Amino acid sequence: VNACVDVVLSGVKLLEALGIEPGDGKNHAVLNSRQDLKEAFAHFMEKGAAAERFFSDAESFHHIARTASEYPGAQLYVGGNAALIGQKLATNPDLKILLCGPVGPKLHELLDDNVVVPPESMQERDEFHLILEYQAGEKWGEVRAPSANRFIFSHDLSNGALNMLEVFVSSLDEFQPDLVVLSGLHMMEGQSKEMRQRRLMEAVASISDIPTDIPIHLELASMTDQDFMSNIIHQQVFPLVNSIGLNEQELLFLTQSASGPHASLVSWSGVPDVGVVSDILFWILKEHRKTAERASDLTRIHFHTLAYHILVTVDGYWGNQVAAVAAGARAAGTQACATETIDTGKVFLKAPLEFVTSQIESSSKISLNPDEPVVHWHREGISFHFTPVLVCKDPVRTVGLGDAISAEGLLYSEVYPQ
């Protein structure tokens with residue numbers, strides 16, 4: 001239920017246009033000023049890590065947003081995980097997509113014709129999200145980016161309050177979907193704790209109204225509040241959804257928030273270790289999957305990182321995993337390079353060619369075979385499908401890659417009727 005207009009431009013150039021001098025990096029959970037923006041941008045640029053933050057000062061944000069959207073070379077795109085997933089699915093001519101998010105005039109103009117927006121979702125002003133990109137090796141003062149990535153921030157109150165969730169759920173009766181995709185919970189971090197808790201309870205009540213025969217996929221995104229994440233996992237949202245999509249930052253934050261395996265790991269160094277990743281994925285499904293004793297629906301996780309993807313499913317609920325995980329990896333390569341098909345001259349392999357499937361228990365060692373790039377292994381009724389990604393050497397656009405990957409993976413996934 002989150003939708004906005006993404007303004008994509010060079011982070012360094014915007015900060016220069018705003019007259020912000022380079023300086024030391026420092027993480028901020030919420031940005032309250034230009035100083036906080038400068039420090040948070042430097043902090044994440046130095047790590048080459050993606051992050052998303054709420055900018056609390058409305059007036060200052062609107063000034064920055066105006067400067068960004070009028071900057072020569074700035075590009076305006078459909079934004080928000082829900083709108084991006086909808087837009088990706090809408091490229092399939094046989095699909096109709098219902099999108100409920102705050103849709104302003106610019107966003108409405110950018111959306112695909114196959115995307116249906118109910119009148120209650122329309123609003124007079126667009127929500128803008130600023131996406132500050134940087135390239136591998138790019139410098140800002142003393143900071144040098146080890147890899148290409150982006151820093152996202154917004155002052156977005158209607159997405160932050162999940163304003164359109166009830167409109168969405170009430171529209172489903174008429175729309176009769178085959179699949180529901182939810183995203184935008186991370187946007188609630190800009191709310192006060194009380195407001196957020198109340199809104200989460202209302203969201204859970206709404207999601208519970210969705211008929212149980214419709215599979216629900218939840219797309220996670222960058223978060224900073226461990227208590228909020230813990231609530232989403234343990235008490236409220238995880239038991240209601242069938243499938244989750246997430247990246248390496250979100251996976252690590254999730255295990256830290258819920259004291260799962262490898263929770264003491266502060267951050268990834270280089271390509272995330274496959275054994276560590278699969279331990280955490282296994283733990284999530286083992287702890288929260290559907291069983292006879294547990295009122296949960298969770299049976300699928302699609303994990304994506306730059307170098308590889310893993311699709312993890314509880315046996316008996318999903319099919320066509322090989323095609324689904326491969327399609328997600330192909331979408332990553334084509335979208336990042338902005339090509340119709342994979343251009344082998346523009347991509348390279350970053351995945352480990354050998355890895356172990358667990359760092360906790362006795363595990364098998366796997367060597368990749370180029371003729372059969374999707375590798376499969378099994379652990380206590382849970383299947384893992386791993387594929388390397390052909391990584392774009394000079395990415396044209398990194399925004400929305402995770403959403404495109406998850407959408408494509410869902411499109412190829414087969415749900416077994418229960």
# chains A, B, ... in the order shown; residues from 1 in each chain; ligands from 1

call {"tool": "residues_around", "arguments": {"residues": "range 231-234 of chain A", "least_positions_apart": "6", "cutoff": "9 Å", "atoms": "only C-alpha atoms", "output": "PDB file with all heavy atoms, in the first residue's frame"}}
result
ATOM      1  N   LEU A 185       5.154  -1.528   5.481  1.00  0.00           N
ATOM      2  CA  LEU A 185       5.193  -1.512   6.954  1.00  0.00           C
ATOM      3  C   LEU A 185       6.375  -0.685   7.462  1.00  0.00           C
ATOM      4  O   LEU A 185       6.278  -0.003   8.473  1.00  0.00           O
ATOM      5  CB  LEU A 185       5.303  -2.941   7.513  1.00  0.00           C
ATOM      6  CG  LEU A 185       4.104  -3.856   7.282  1.00  0.00           C
ATOM      7  CD1 LEU A 185       4.391  -5.237   7.864  1.00  0.00           C
ATOM      8  CD2 LEU A 185       2.842  -3.278   7.917  1.00  0.00           C
ATOM      9  N   GLN A 197       1.978   1.445  17.044  1.00  0.00           N
ATOM     10  CA  GLN A 197       1.434   0.221  17.638  1.00  0.00           C
ATOM     11  C   GLN A 197      -0.054   0.096  17.319  1.00  0.00           C
ATOM     12  O   GLN A 197      -0.540  -0.966  16.925  1.00  0.00           O
ATOM     13  CB  GLN A 197       1.671   0.245  19.156  1.00  0.00           C
ATOM     14  CG  GLN A 197       1.583  -1.106  19.837  1.00  0.00           C
ATOM     15  CD  GLN A 197       2.359  -2.206  19.118  1.00  0.00           C
ATOM     16  OE1 GLN A 197       3.462  -2.010  18.645  1.00  0.00           O
ATOM     17  NE2 GLN A 197       1.755  -3.374  18.977  1.00  0.00           N
ATOM     18  N   LEU A 200      -0.531  -0.642  13.636  1.00  0.00           N
ATOM     19  CA  LEU A 200      -0.154  -2.020  13.318  1.00  0.00           C
ATOM     20  C   LEU A 200      -1.274  -2.983  13.698  1.00  0.00           C
ATOM     21  O   LEU A 200      -1.596  -3.907  12.948  1.00  0.00           O
ATOM     22  CB  LEU A 200       1.149  -2.403  14.045  1.00  0.00           C
ATOM     23  CG  LEU A 200       1.792  -3.730  13.615  1.00  0.00           C
ATOM     24  CD1 LEU A 200       2.144  -3.725  12.122  1.00  0.00           C
ATOM     25  CD2 LEU A 200       3.040  -4.025  14.427  1.00  0.00           C
ATOM     26  N   LEU A 254      16.512  -8.647  10.953  1.00  0.00           N
ATOM     27  CA  LEU A 254      15.445  -9.523  11.446  1.00  0.00           C
ATOM     28  C   LEU A 254      15.989 -10.476  12.516  1.00  0.00           C
ATOM     29  O   LEU A 254      15.406 -10.621  13.591  1.00  0.00           O
ATOM     30  CB  LEU A 254      14.876 -10.303  10.250  1.00  0.00           C
ATOM     31  CG  LEU A 254      13.544 -11.008  10.390  1.00  0.00           C
ATOM     32  CD1 LEU A 254      12.908 -11.178   9.018  1.00  0.00           C
ATOM     33  CD2 LEU A 254      13.691 -12.365  11.028  1.00  0.00           C
ATOM     34  N   ALA A 258      15.116 -10.490  16.670  1.00  0.00           N
ATOM     35  CA  ALA A 258      14.416 -11.622  17.284  1.00  0.00           C
ATOM     36  C   ALA A 258      15.383 -12.610  17.932  1.00  0.00           C
ATOM     37  O   ALA A 258      15.002 -13.734  18.257  1.00  0.00           O
ATOM     38  CB  ALA A 258      13.566 -12.324  16.229  1.00  0.00           C
ATOM     39  N   HIS A 288       8.377 -20.104  12.374  1.00  0.00           N
ATOM     40  CA  HIS A 288       7.128 -19.404  12.043  1.00  0.00           C
ATOM     41  C   HIS A 288       6.296 -20.064  10.956  1.00  0.00           C
ATOM     42  O   HIS A 288       5.291 -19.524  10.530  1.00  0.00           O
ATOM     43  CB  HIS A 288       7.444 -17.959  11.624  1.00  0.00           C
ATOM     44  CG  HIS A 288       8.138 -17.188  12.699  1.00  0.00           C
ATOM     45  ND1 HIS A 288       7.488 -16.677  13.785  1.00  0.00           N
ATOM     46  CD2 HIS A 288       9.456 -16.908  12.875  1.00  0.00           C
ATOM     47  CE1 HIS A 288       8.366 -16.081  14.585  1.00  0.00           C
ATOM     48  NE2 HIS A 288       9.564 -16.207  14.053  1.00  0.00           N
TER      49      HIS A 288
END

call {"tool": "residues_around", "arguments": {"residues": "Ala29 in chain A", "least_positions_apart": "6", "cutoff": "8 Å", "atoms": "only C-alpha atoms", "output": "PyMOL selection string"}}
result
chain A and resi 53-54+224

call {"tool": "write_last_selection", "arguments": {"atoms": "N, CA and C atoms", "output": "PDB file, in the first residue's frame"}}
result
ATOM      1  N   ARG A  53      15.474   6.350   5.198  1.00  0.00           N
ATOM      2  CA  ARG A  53      15.212   7.089   6.429  1.00  0.00           C
ATOM      3  C   ARG A  53      14.056   8.078   6.250  1.00  0.00           C
ATOM      4  N   PHE A  54      13.435   8.422   7.383  1.00  0.00           N
ATOM      5  CA  PHE A  54      12.360   9.415   7.418  1.00  0.00           C
ATOM      6  C   PHE A  54      12.971  10.776   7.758  1.00  0.00           C
ATOM      7  N   THR A 224      14.850   0.270  11.212  1.00  0.00           N
ATOM      8  CA  THR A 224      15.847   0.570  12.250  1.00  0.00           C
ATOM      9  C   THR A 224      15.362   0.255  13.661  1.00  0.00           C
TER      10      THR A 224
END

call {"tool": "select_by_dssp", "arguments": {"residues": "range 132-361 of chain A", "states": "helix (DSSP H, G or I)", "output": "CSV table (one decimal) with N, CA, C and O atoms, in the first residue's frame"}}
result
chain,number,residue,atom,x,y,z
A,157,LEU,N,3.9,11.2,5.0
A,157,LEU,CA,3.0,10.9,6.1
A,157,LEU,C,1.9,9.9,5.8
A,157,LEU,O,1.5,9.0,6.5
A,158,SER,N,1.4,10.0,4.5
A,158,SER,CA,0.2,9.1,4.2
A,158,SER,C,0.7,7.7,4.0
A,158,SER,O,0.0,6.7,4.4
A,159,ASN,N,1.9,7.4,3.4
A,159,ASN,CA,2.4,6.1,3.3
A,159,ASN,C,2.8,5.6,4.7
A,159,ASN,O,2.6,4.5,5.1
A,160,GLY,N,3.3,6.6,5.5
A,160,GLY,CA,3.8,6.2,6.9
A,160,GLY,C,2.6,5.7,7.8
A,160,GLY,O,2.8,5.0,8.7
A,165,LEU,N,-4.6,1.2,3.4
A,165,LEU,CA,-4.8,-0.2,3.7
A,165,LEU,C,-6.2,-0.7,3.7
A,165,LEU,O,-6.6,-1.7,3.1
A,166,GLU,N,-7.1,0.1,4.4
A,166,GLU,CA,-8.5,-0.3,4.5
A,166,GLU,C,-9.2,-0.2,3.1
A,166,GLU,O,-10.0,-1.1,2.8
A,167,VAL,N,-8.8,0.8,2.4
A,167,VAL,CA,-9.4,1.0,1.0
A,167,VAL,C,-9.0,-0.2,0.2
A,167,VAL,O,-9.8,-0.8,-0.6
A,168,PHE,N,-7.7,-0.7,0.3
A,168,PHE,CA,-7.2,-1.8,-0.4
A,168,PHE,C,-8.0,-3.1,-0.1
A,168,PHE,O,-8.6,-3.8,-1.0
A,169,VAL,N,-8.1,-3.4,1.2
A,169,VAL,CA,-8.8,-4.6,1.6
A,169,VAL,C,-10.3,-4.6,1.2
A,169,VAL,O,-10.8,-5.6,0.7
A,170,SER,N,-10.9,-3.4,1.3
A,170,SER,CA,-12.4,-3.4,1.0
A,170,SER,C,-12.5,-3.5,-0.6
A,170,SER,O,-13.6,-3.9,-1.0
A,171,SER,N,-11.5,-3.2,-1.3
A,171,SER,CA,-11.6,-3.3,-2.8
A,171,SER,C,-11.4,-4.7,-3.3
A,171,SER,O,-11.7,-5.0,-4.5
A,172,LEU,N,-10.9,-5.6,-2.4
A,172,LEU,CA,-10.6,-6.9,-2.9
A,172,LEU,C,-11.8,-7.8,-3.3
A,172,LEU,O,-11.8,-8.6,-4.2
A,173,ASP,N,-13.0,-7.5,-2.6
A,173,ASP,CA,-14.2,-8.3,-2.9
A,173,ASP,C,-14.6,-8.2,-4.3
A,173,ASP,O,-14.9,-9.2,-5.0
A,174,GLU,N,-14.5,-6.9,-4.8
A,174,GLU,CA,-14.9,-6.7,-6.2
A,174,GLU,C,-13.8,-7.2,-7.2
A,174,GLU,O,-14.0,-7.7,-8.2
A,175,PHE,N,-12.5,-7.0,-6.8
A,175,PHE,CA,-11.4,-7.2,-7.7
A,175,PHE,C,-11.1,-8.7,-7.8
A,175,PHE,O,-10.6,-9.2,-8.9
A,185,LEU,N,5.2,-1.5,5.5
A,185,LEU,CA,5.2,-1.5,7.0
A,185,LEU,C,6.4,-0.7,7.5
A,185,LEU,O,6.3,0.0,8.5
A,186,HIS,N,7.5,-0.7,6.7
A,186,HIS,CA,8.7,0.0,7.2
A,186,HIS,C,8.5,1.5,7.2
A,186,HIS,O,9.1,2.3,7.9
A,187,MET,N,7.5,2.0,6.4
A,187,MET,CA,7.2,3.4,6.3
A,187,MET,C,6.6,3.9,7.7
A,187,MET,O,6.6,5.1,8.0
A,188,MET,N,6.1,3.0,8.5
A,188,MET,CA,5.5,3.4,9.8
A,188,MET,C,6.5,3.9,10.8
A,188,MET,O,6.1,4.4,11.8
A,189,GLU,N,7.8,3.7,10.5
A,189,GLU,CA,8.8,4.0,11.5
A,189,GLU,C,8.9,5.5,11.8
A,189,GLU,O,9.4,5.9,12.8
A,190,GLY,N,8.3,6.3,10.9
A,190,GLY,CA,8.3,7.8,11.1
A,190,GLY,C,7.2,8.2,12.1
A,190,GLY,O,7.2,9.3,12.5
A,193,LYS,N,5.7,5.9,18.7
A,193,LYS,CA,5.5,4.5,19.1
A,193,LYS,C,4.1,4.1,19.3
A,193,LYS,O,3.6,3.0,18.9
A,194,GLU,N,3.3,5.0,20.0
A,194,GLU,CA,1.9,4.7,20.3
A,194,GLU,C,1.1,4.6,19.0
A,194,GLU,O,0.3,3.6,18.8
A,195,MET,N,1.3,5.6,18.1
A,195,MET,CA,0.5,5.6,16.9
A,195,MET,C,0.9,4.4,16.0
A,195,MET,O,0.0,3.8,15.4
A,196,ARG,N,2.1,4.0,16.0
A,196,ARG,CA,2.6,2.9,15.2
A,196,ARG,C,2.0,1.6,15.7
A,196,ARG,O,1.6,0.8,14.9
A,197,GLN,N,2.0,1.4,17.0
A,197,GLN,CA,1.4,0.2,17.6
A,197,GLN,C,-0.1,0.1,17.3
A,197,GLN,O,-0.5,-1.0,16.9
A,198,ARG,N,-0.8,1.2,17.5
A,198,ARG,CA,-2.2,1.2,17.2
A,198,ARG,C,-2.5,0.9,15.7
A,198,ARG,O,-3.3,0.1,15.4
A,199,ARG,N,-1.7,1.5,14.9
A,199,ARG,CA,-1.9,1.4,13.4
A,199,ARG,C,-1.5,-0.1,13.0
A,199,ARG,O,-2.2,-0.7,12.1
A,200,LEU,N,-0.5,-0.6,13.6
A,200,LEU,CA,-0.2,-2.0,13.3
A,200,LEU,C,-1.3,-3.0,13.7
A,200,LEU,O,-1.6,-3.9,12.9
A,201,MET,N,-1.9,-2.7,14.9
A,201,MET,CA,-3.0,-3.6,15.3
A,201,MET,C,-4.2,-3.5,14.3
A,201,MET,O,-4.8,-4.5,13.9
A,202,GLU,N,-4.5,-2.2,13.8
A,202,GLU,CA,-5.5,-2.1,12.8
A,202,GLU,C,-5.2,-2.7,11.5
A,202,GLU,O,-6.0,-3.3,10.8
A,203,ALA,N,-3.9,-2.6,11.1
A,203,ALA,CA,-3.4,-3.3,9.9
A,203,ALA,C,-3.6,-4.8,10.0
A,203,ALA,O,-4.1,-5.4,9.0
A,204,VAL,N,-3.2,-5.4,11.1
A,204,VAL,CA,-3.4,-6.8,11.3
A,204,VAL,C,-4.9,-7.2,11.2
A,204,VAL,O,-5.2,-8.2,10.6
A,205,ALA,N,-5.7,-6.4,11.8
A,205,ALA,CA,-7.2,-6.7,11.7
A,205,ALA,C,-7.6,-6.7,10.2
A,205,ALA,O,-8.4,-7.5,9.8
A,206,SER,N,-7.1,-5.7,9.5
A,206,SER,CA,-7.5,-5.6,8.1
A,206,SER,C,-7.0,-6.8,7.3
A,206,SER,O,-7.7,-7.4,6.5
A,207,ILE,N,-5.7,-7.1,7.5
A,207,ILE,CA,-5.1,-8.2,6.7
A,207,ILE,C,-5.8,-9.5,7.1
A,207,ILE,O,-6.0,-10.4,6.2
A,208,SER,N,-6.3,-9.6,8.3
A,208,SER,CA,-7.0,-10.9,8.7
A,208,SER,C,-8.3,-11.0,8.0
A,208,SER,O,-8.8,-12.1,7.9
A,226,GLN,N,14.2,-2.2,16.3
A,226,GLN,CA,14.1,-3.7,16.6
A,226,GLN,C,12.8,-4.1,17.3
A,226,GLN,O,12.4,-5.2,17.0
A,227,ASP,N,12.3,-3.3,18.2
A,227,ASP,CA,11.0,-3.7,18.8
A,227,ASP,C,9.9,-3.8,17.8
A,227,ASP,O,9.1,-4.7,17.9
A,228,PHE,N,9.9,-2.8,16.9
A,228,PHE,CA,8.8,-2.8,15.9
A,228,PHE,C,9.0,-4.1,15.0
A,228,PHE,O,8.0,-4.8,14.7
A,229,MET,N,10.2,-4.4,14.6
A,229,MET,CA,10.4,-5.6,13.8
A,229,MET,C,10.0,-6.8,14.5
A,229,MET,O,9.4,-7.7,14.0
A,230,SER,N,10.4,-6.9,15.8
A,230,SER,CA,10.0,-8.0,16.6
A,230,SER,C,8.5,-8.2,16.7
A,230,SER,O,8.0,-9.4,16.6
A,231,ASN,N,7.8,-7.1,16.8
A,231,ASN,CA,6.3,-7.2,16.8
A,231,ASN,C,5.8,-7.8,15.5
A,231,ASN,O,4.9,-8.6,15.5
A,232,ILE,N,6.3,-7.3,14.4
A,232,ILE,CA,5.9,-7.8,13.1
A,232,ILE,C,6.1,-9.3,13.0
A,232,ILE,O,5.3,-10.0,12.5
A,233,ILE,N,7.3,-9.7,13.5
A,233,ILE,CA,7.7,-11.2,13.4
A,233,ILE,C,6.8,-12.0,14.3
A,233,ILE,O,6.1,-12.9,13.9
A,234,HIS,N,6.9,-11.7,15.6
A,234,HIS,CA,6.3,-12.6,16.6
A,234,HIS,C,4.8,-12.5,16.7
A,234,HIS,O,4.2,-13.6,16.8
A,235,GLN,N,4.3,-11.3,16.9
A,235,GLN,CA,2.9,-11.3,17.3
A,235,GLN,C,2.0,-11.1,16.2
A,235,GLN,O,0.8,-11.4,16.3
A,236,GLN,N,2.4,-10.4,15.1
A,236,GLN,CA,1.4,-9.8,14.3
A,236,GLN,C,1.3,-10.2,12.8
A,236,GLN,O,0.4,-10.8,12.4
A,238,PHE,N,3.8,-11.8,10.5
A,238,PHE,CA,4.3,-13.0,9.9
A,238,PHE,C,3.3,-14.2,9.9
A,238,PHE,O,3.2,-14.8,8.9
A,239,PRO,N,2.6,-14.4,11.0
A,239,PRO,CA,1.6,-15.5,10.9
A,239,PRO,C,0.5,-15.4,9.9
A,239,PRO,O,-0.1,-16.4,9.5
A,240,LEU,N,0.3,-14.1,9.4
A,240,LEU,CA,-0.8,-13.9,8.4
A,240,LEU,C,-0.4,-14.0,7.0
A,240,LEU,O,-1.3,-14.0,6.1
A,248,GLU,N,19.7,-8.8,2.2
A,248,GLU,CA,20.7,-9.2,3.2
A,248,GLU,C,20.6,-8.2,4.4
A,248,GLU,O,20.8,-8.7,5.6
A,249,GLN,N,20.4,-6.9,4.2
A,249,GLN,CA,20.3,-6.0,5.4
A,249,GLN,C,19.1,-6.3,6.2
A,249,GLN,O,19.2,-6.4,7.4
A,250,GLU,N,18.0,-6.6,5.5
A,250,GLU,CA,16.7,-6.9,6.3
A,250,GLU,C,16.8,-8.2,7.0
A,250,GLU,O,16.3,-8.4,8.1
A,251,LEU,N,17.5,-9.2,6.4
A,251,LEU,CA,17.6,-10.5,7.0
A,251,LEU,C,18.4,-10.4,8.3
A,251,LEU,O,18.1,-11.0,9.3
A,252,LEU,N,19.5,-9.7,8.2
A,252,LEU,CA,20.4,-9.5,9.4
A,252,LEU,C,19.7,-8.8,10.5
A,252,LEU,O,19.7,-9.1,11.7
A,253,PHE,N,19.0,-7.7,10.1
A,253,PHE,CA,18.2,-6.9,11.1
A,253,PHE,C,17.1,-7.8,11.7
A,253,PHE,O,16.8,-7.7,12.9
A,254,LEU,N,16.5,-8.6,11.0
A,254,LEU,CA,15.4,-9.5,11.4
A,254,LEU,C,16.0,-10.5,12.5
A,254,LEU,O,15.4,-10.6,13.6
A,255,THR,N,17.1,-11.1,12.2
A,255,THR,CA,17.7,-12.1,13.2
A,255,THR,C,18.2,-11.3,14.5
A,255,THR,O,18.1,-11.8,15.6
A,256,GLN,N,18.7,-10.1,14.3
A,256,GLN,CA,19.2,-9.3,15.4
A,256,GLN,C,18.0,-8.9,16.3
A,256,GLN,O,18.0,-9.0,17.6
A,257,SER,N,16.8,-8.6,15.7
A,257,SER,CA,15.6,-8.1,16.4
A,257,SER,C,15.0,-9.3,17.2
A,257,SER,O,14.3,-9.0,18.2
A,274,VAL,N,26.8,-17.8,2.4
A,274,VAL,CA,25.6,-18.6,2.1
A,274,VAL,C,25.2,-19.5,3.3
A,274,VAL,O,24.0,-19.6,3.6
A,275,GLY,N,26.1,-20.1,4.0
A,275,GLY,CA,25.8,-20.9,5.1
A,275,GLY,C,25.1,-20.1,6.2
A,275,GLY,O,24.1,-20.5,6.8
A,276,VAL,N,25.6,-18.9,6.5
A,276,VAL,CA,25.0,-18.0,7.5
A,276,VAL,C,23.6,-17.6,7.1
A,276,VAL,O,22.6,-17.7,7.8
A,277,VAL,N,23.4,-17.2,5.8
A,277,VAL,CA,22.1,-16.8,5.3
A,277,VAL,C,21.1,-17.9,5.4
A,277,VAL,O,20.0,-17.8,5.8
A,278,SER,N,21.6,-19.1,5.0
A,278,SER,CA,20.6,-20.2,5.0
A,278,SER,C,20.2,-20.7,6.4
A,278,SER,O,19.1,-21.1,6.6
A,279,ASP,N,21.1,-20.5,7.4
A,279,ASP,CA,20.8,-20.8,8.8
A,279,ASP,C,19.7,-19.9,9.2
A,279,ASP,O,18.7,-20.3,9.9
A,280,ILE,N,19.8,-18.6,8.9
A,280,ILE,CA,18.8,-17.6,9.4
A,280,ILE,C,17.4,-17.9,8.6
A,280,ILE,O,16.4,-17.9,9.3
A,281,LEU,N,17.5,-18.1,7.3
A,281,LEU,CA,16.3,-18.4,6.6
A,281,LEU,C,15.6,-19.7,7.1
A,281,LEU,O,14.4,-19.7,7.3
A,282,PHE,N,16.4,-20.7,7.4
A,282,PHE,CA,15.9,-22.0,8.0
A,282,PHE,C,15.2,-21.7,9.3
A,282,PHE,O,14.1,-22.2,9.6
A,283,TRP,N,15.8,-20.9,10.1
A,283,TRP,CA,15.3,-20.6,11.5
A,283,TRP,C,13.9,-19.9,11.3
A,283,TRP,O,13.0,-20.2,12.1
A,284,ILE,N,13.8,-18.9,10.4
A,284,ILE,CA,12.6,-18.1,10.3
A,284,ILE,C,11.4,-19.1,9.9
A,284,ILE,O,10.4,-19.1,10.6
A,285,LEU,N,11.7,-20.0,8.9
A,285,LEU,CA,10.6,-20.9,8.5
A,285,LEU,C,10.3,-21.9,9.6
A,285,LEU,O,9.2,-22.3,9.8
A,286,LYS,N,11.3,-22.4,10.3
A,286,LYS,CA,11.2,-23.4,11.3
A,286,LYS,C,10.4,-22.9,12.5
A,286,LYS,O,9.5,-23.5,13.0
A,287,GLU,N,10.7,-21.6,12.8
A,287,GLU,CA,10.0,-21.0,14.0
A,287,GLU,C,8.6,-20.5,13.6
A,287,GLU,O,7.7,-20.4,14.5
A,288,HIS,N,8.4,-20.1,12.4
A,288,HIS,CA,7.1,-19.4,12.0
A,288,HIS,C,6.3,-20.1,11.0
A,288,HIS,O,5.3,-19.5,10.5
A,321,GLN,N,9.9,-23.9,-8.2
A,321,GLN,CA,10.9,-23.0,-7.6
A,321,GLN,C,12.1,-22.7,-8.4
A,321,GLN,O,12.7,-21.6,-8.4
A,322,VAL,N,12.6,-23.7,-9.2
A,322,VAL,CA,13.8,-23.5,-10.1
A,322,VAL,C,13.6,-22.3,-11.0
A,322,VAL,O,14.4,-21.4,-11.1
A,323,ALA,N,12.4,-22.4,-11.7
A,323,ALA,CA,12.1,-21.3,-12.6
A,323,ALA,C,11.9,-20.0,-11.9
A,323,ALA,O,12.4,-18.9,-12.4
A,324,ALA,N,11.3,-20.0,-10.7
A,324,ALA,CA,11.0,-18.8,-10.0
A,324,ALA,C,12.3,-18.1,-9.5
A,324,ALA,O,12.4,-16.9,-9.7
A,325,VAL,N,13.2,-18.8,-9.0
A,325,VAL,CA,14.4,-18.2,-8.5
A,325,VAL,C,15.3,-17.7,-9.6
A,325,VAL,O,15.9,-16.7,-9.6
A,326,ALA,N,15.3,-18.5,-10.7
A,326,ALA,CA,16.1,-18.1,-11.9
A,326,ALA,C,15.5,-16.9,-12.6
A,326,ALA,O,16.2,-16.0,-13.0
A,327,ALA,N,14.2,-16.8,-12.6
A,327,ALA,CA,13.5,-15.6,-13.2
A,327,ALA,C,13.8,-14.3,-12.4
A,327,ALA,O,14.1,-13.3,-13.0
A,328,GLY,N,13.9,-14.5,-11.1
A,328,GLY,CA,14.2,-13.3,-10.2
A,328,GLY,C,15.6,-12.9,-10.5
A,328,GLY,O,15.9,-11.7,-10.6
A,329,ALA,N,16.6,-13.8,-10.7
A,329,ALA,CA,18.0,-13.5,-10.9
A,329,ALA,C,18.1,-12.8,-12.3
A,329,ALA,O,18.9,-11.9,-12.5
A,330,ARG,N,17.4,-13.3,-13.3
A,330,ARG,CA,17.4,-12.7,-14.6
A,330,ARG,C,16.9,-11.3,-14.6
A,330,ARG,O,17.5,-10.4,-15.2
A,331,ALA,N,15.8,-11.1,-13.8
A,331,ALA,CA,15.2,-9.7,-13.7
A,331,ALA,C,16.3,-8.8,-13.1
A,331,ALA,O,16.3,-7.6,-13.5
A,332,ALA,N,17.0,-9.3,-12.1
A,332,ALA,CA,18.1,-8.4,-11.5
A,332,ALA,C,19.1,-7.9,-12.5
A,332,ALA,O,19.4,-6.8,-12.6
A,333,GLY,N,19.6,-8.9,-13.4
A,333,GLY,CA,20.6,-8.5,-14.4
A,333,GLY,C,20.1,-7.6,-15.5
A,333,GLY,O,20.8,-6.7,-15.9
A,334,THR,N,18.9,-7.9,-16.0
A,334,THR,CA,18.3,-7.1,-17.1
A,334,THR,C,17.9,-5.7,-16.6
A,334,THR,O,18.2,-4.7,-17.2
A,335,GLN,N,17.3,-5.6,-15.4
A,335,GLN,CA,16.8,-4.3,-15.0
A,335,GLN,C,18.0,-3.4,-14.6
A,335,GLN,O,18.0,-2.2,-14.9
A,336,ALA,N,19.0,-3.9,-13.9
A,336,ALA,CA,20.1,-3.1,-13.5
A,336,ALA,C,20.8,-2.5,-14.7
A,336,ALA,O,21.3,-1.4,-14.7
A,337,CYS,N,21.0,-3.4,-15.7
A,337,CYS,CA,21.7,-2.9,-17.0
A,337,CYS,C,20.7,-2.2,-18.0
A,337,CYS,O,21.2,-1.7,-19.0
A,344,THR,N,25.9,-10.6,-22.0
A,344,THR,CA,27.0,-11.2,-21.2
A,344,THR,C,28.2,-10.2,-21.1
A,344,THR,O,29.0,-10.4,-20.2
A,345,GLY,N,28.3,-9.3,-22.1
A,345,GLY,CA,29.4,-8.3,-22.0
A,345,GLY,C,29.3,-7.3,-20.9
A,345,GLY,O,30.2,-6.6,-20.5
A,346,LYS,N,28.1,-7.2,-20.4
A,346,LYS,CA,27.8,-6.2,-19.4
A,346,LYS,C,27.6,-6.7,-17.9
A,346,LYS,O,27.3,-5.9,-17.0

call {"tool": "residues_around", "arguments": {"residues": "range 82-92 of chain A", "least_positions_apart": "5", "cutoff": "9 Å", "atoms": "only C-alpha atoms", "output": "JSON, numbers by chain"}}
result
{"A": [1, 2, 3, 4, 97, 98, 99, 100, 101, 111, 112, 113, 114, 115, 181, 182, 183, 184, 219, 400, 403, 404, 405, 406, 407, 408, 411]}

call {"tool": "residues_around", "arguments": {"residues": "range 300-317 of chain A", "least_positions_apart": "6", "cutoff": "7 Å", "atoms": "only C-alpha atoms", "output": "number ranges by chain"}}
result
A: 242-248, 271, 325, 329, 350-351, 381-389, 391, 406, 415-416

call {"tool": "atom_distance", "arguments": {"atom1": "CA of Ile64 in chain A", "atom2": "CA of Leu18 in chain A"}}
result
7.5 Å

call {"tool": "closest_residue", "arguments": {"among": "A:Glu70, A:Gly137, A:Glu109, A:Asn149", "to": "Val399 in chain A", "atoms": "only C-alpha atoms"}}
result
A:Asn149

call {"tool": "select_by_dssp", "arguments": {"residues": "range 187-270 of chain A", "states": "strand (DSSP E or B)", "output": "PyMOL selection string"}}
result
chain A and resi 216-219+243-247

call {"tool": "residues_around", "arguments": {"residues": "range 20-25 of chain A", "least_positions_apart": "6", "cutoff": "10 Å", "atoms": "only C-alpha atoms", "output": "VMD selection string"}}
result
chain A and resid 12 to 14 34 to 46 139 to 143

call {"tool": "atom_distance", "arguments": {"atom1": "CA of Ser69 in chain A", "atom2": "CA of Val8 in chain A"}}
result
8.3 Å

call {"tool": "atom_distance", "arguments": {"atom1": "CA of Glu354 in chain A", "atom2": "CA of Gly48 in chain A"}}
result
24.6 Å

call {"tool": "closest_residue", "arguments": {"among": "A:Lys47, A:His129, A:Arg294, A:Arg150", "to": "Gly11 in chain A", "atoms": "only C-alpha atoms"}}
result
A:Arg150
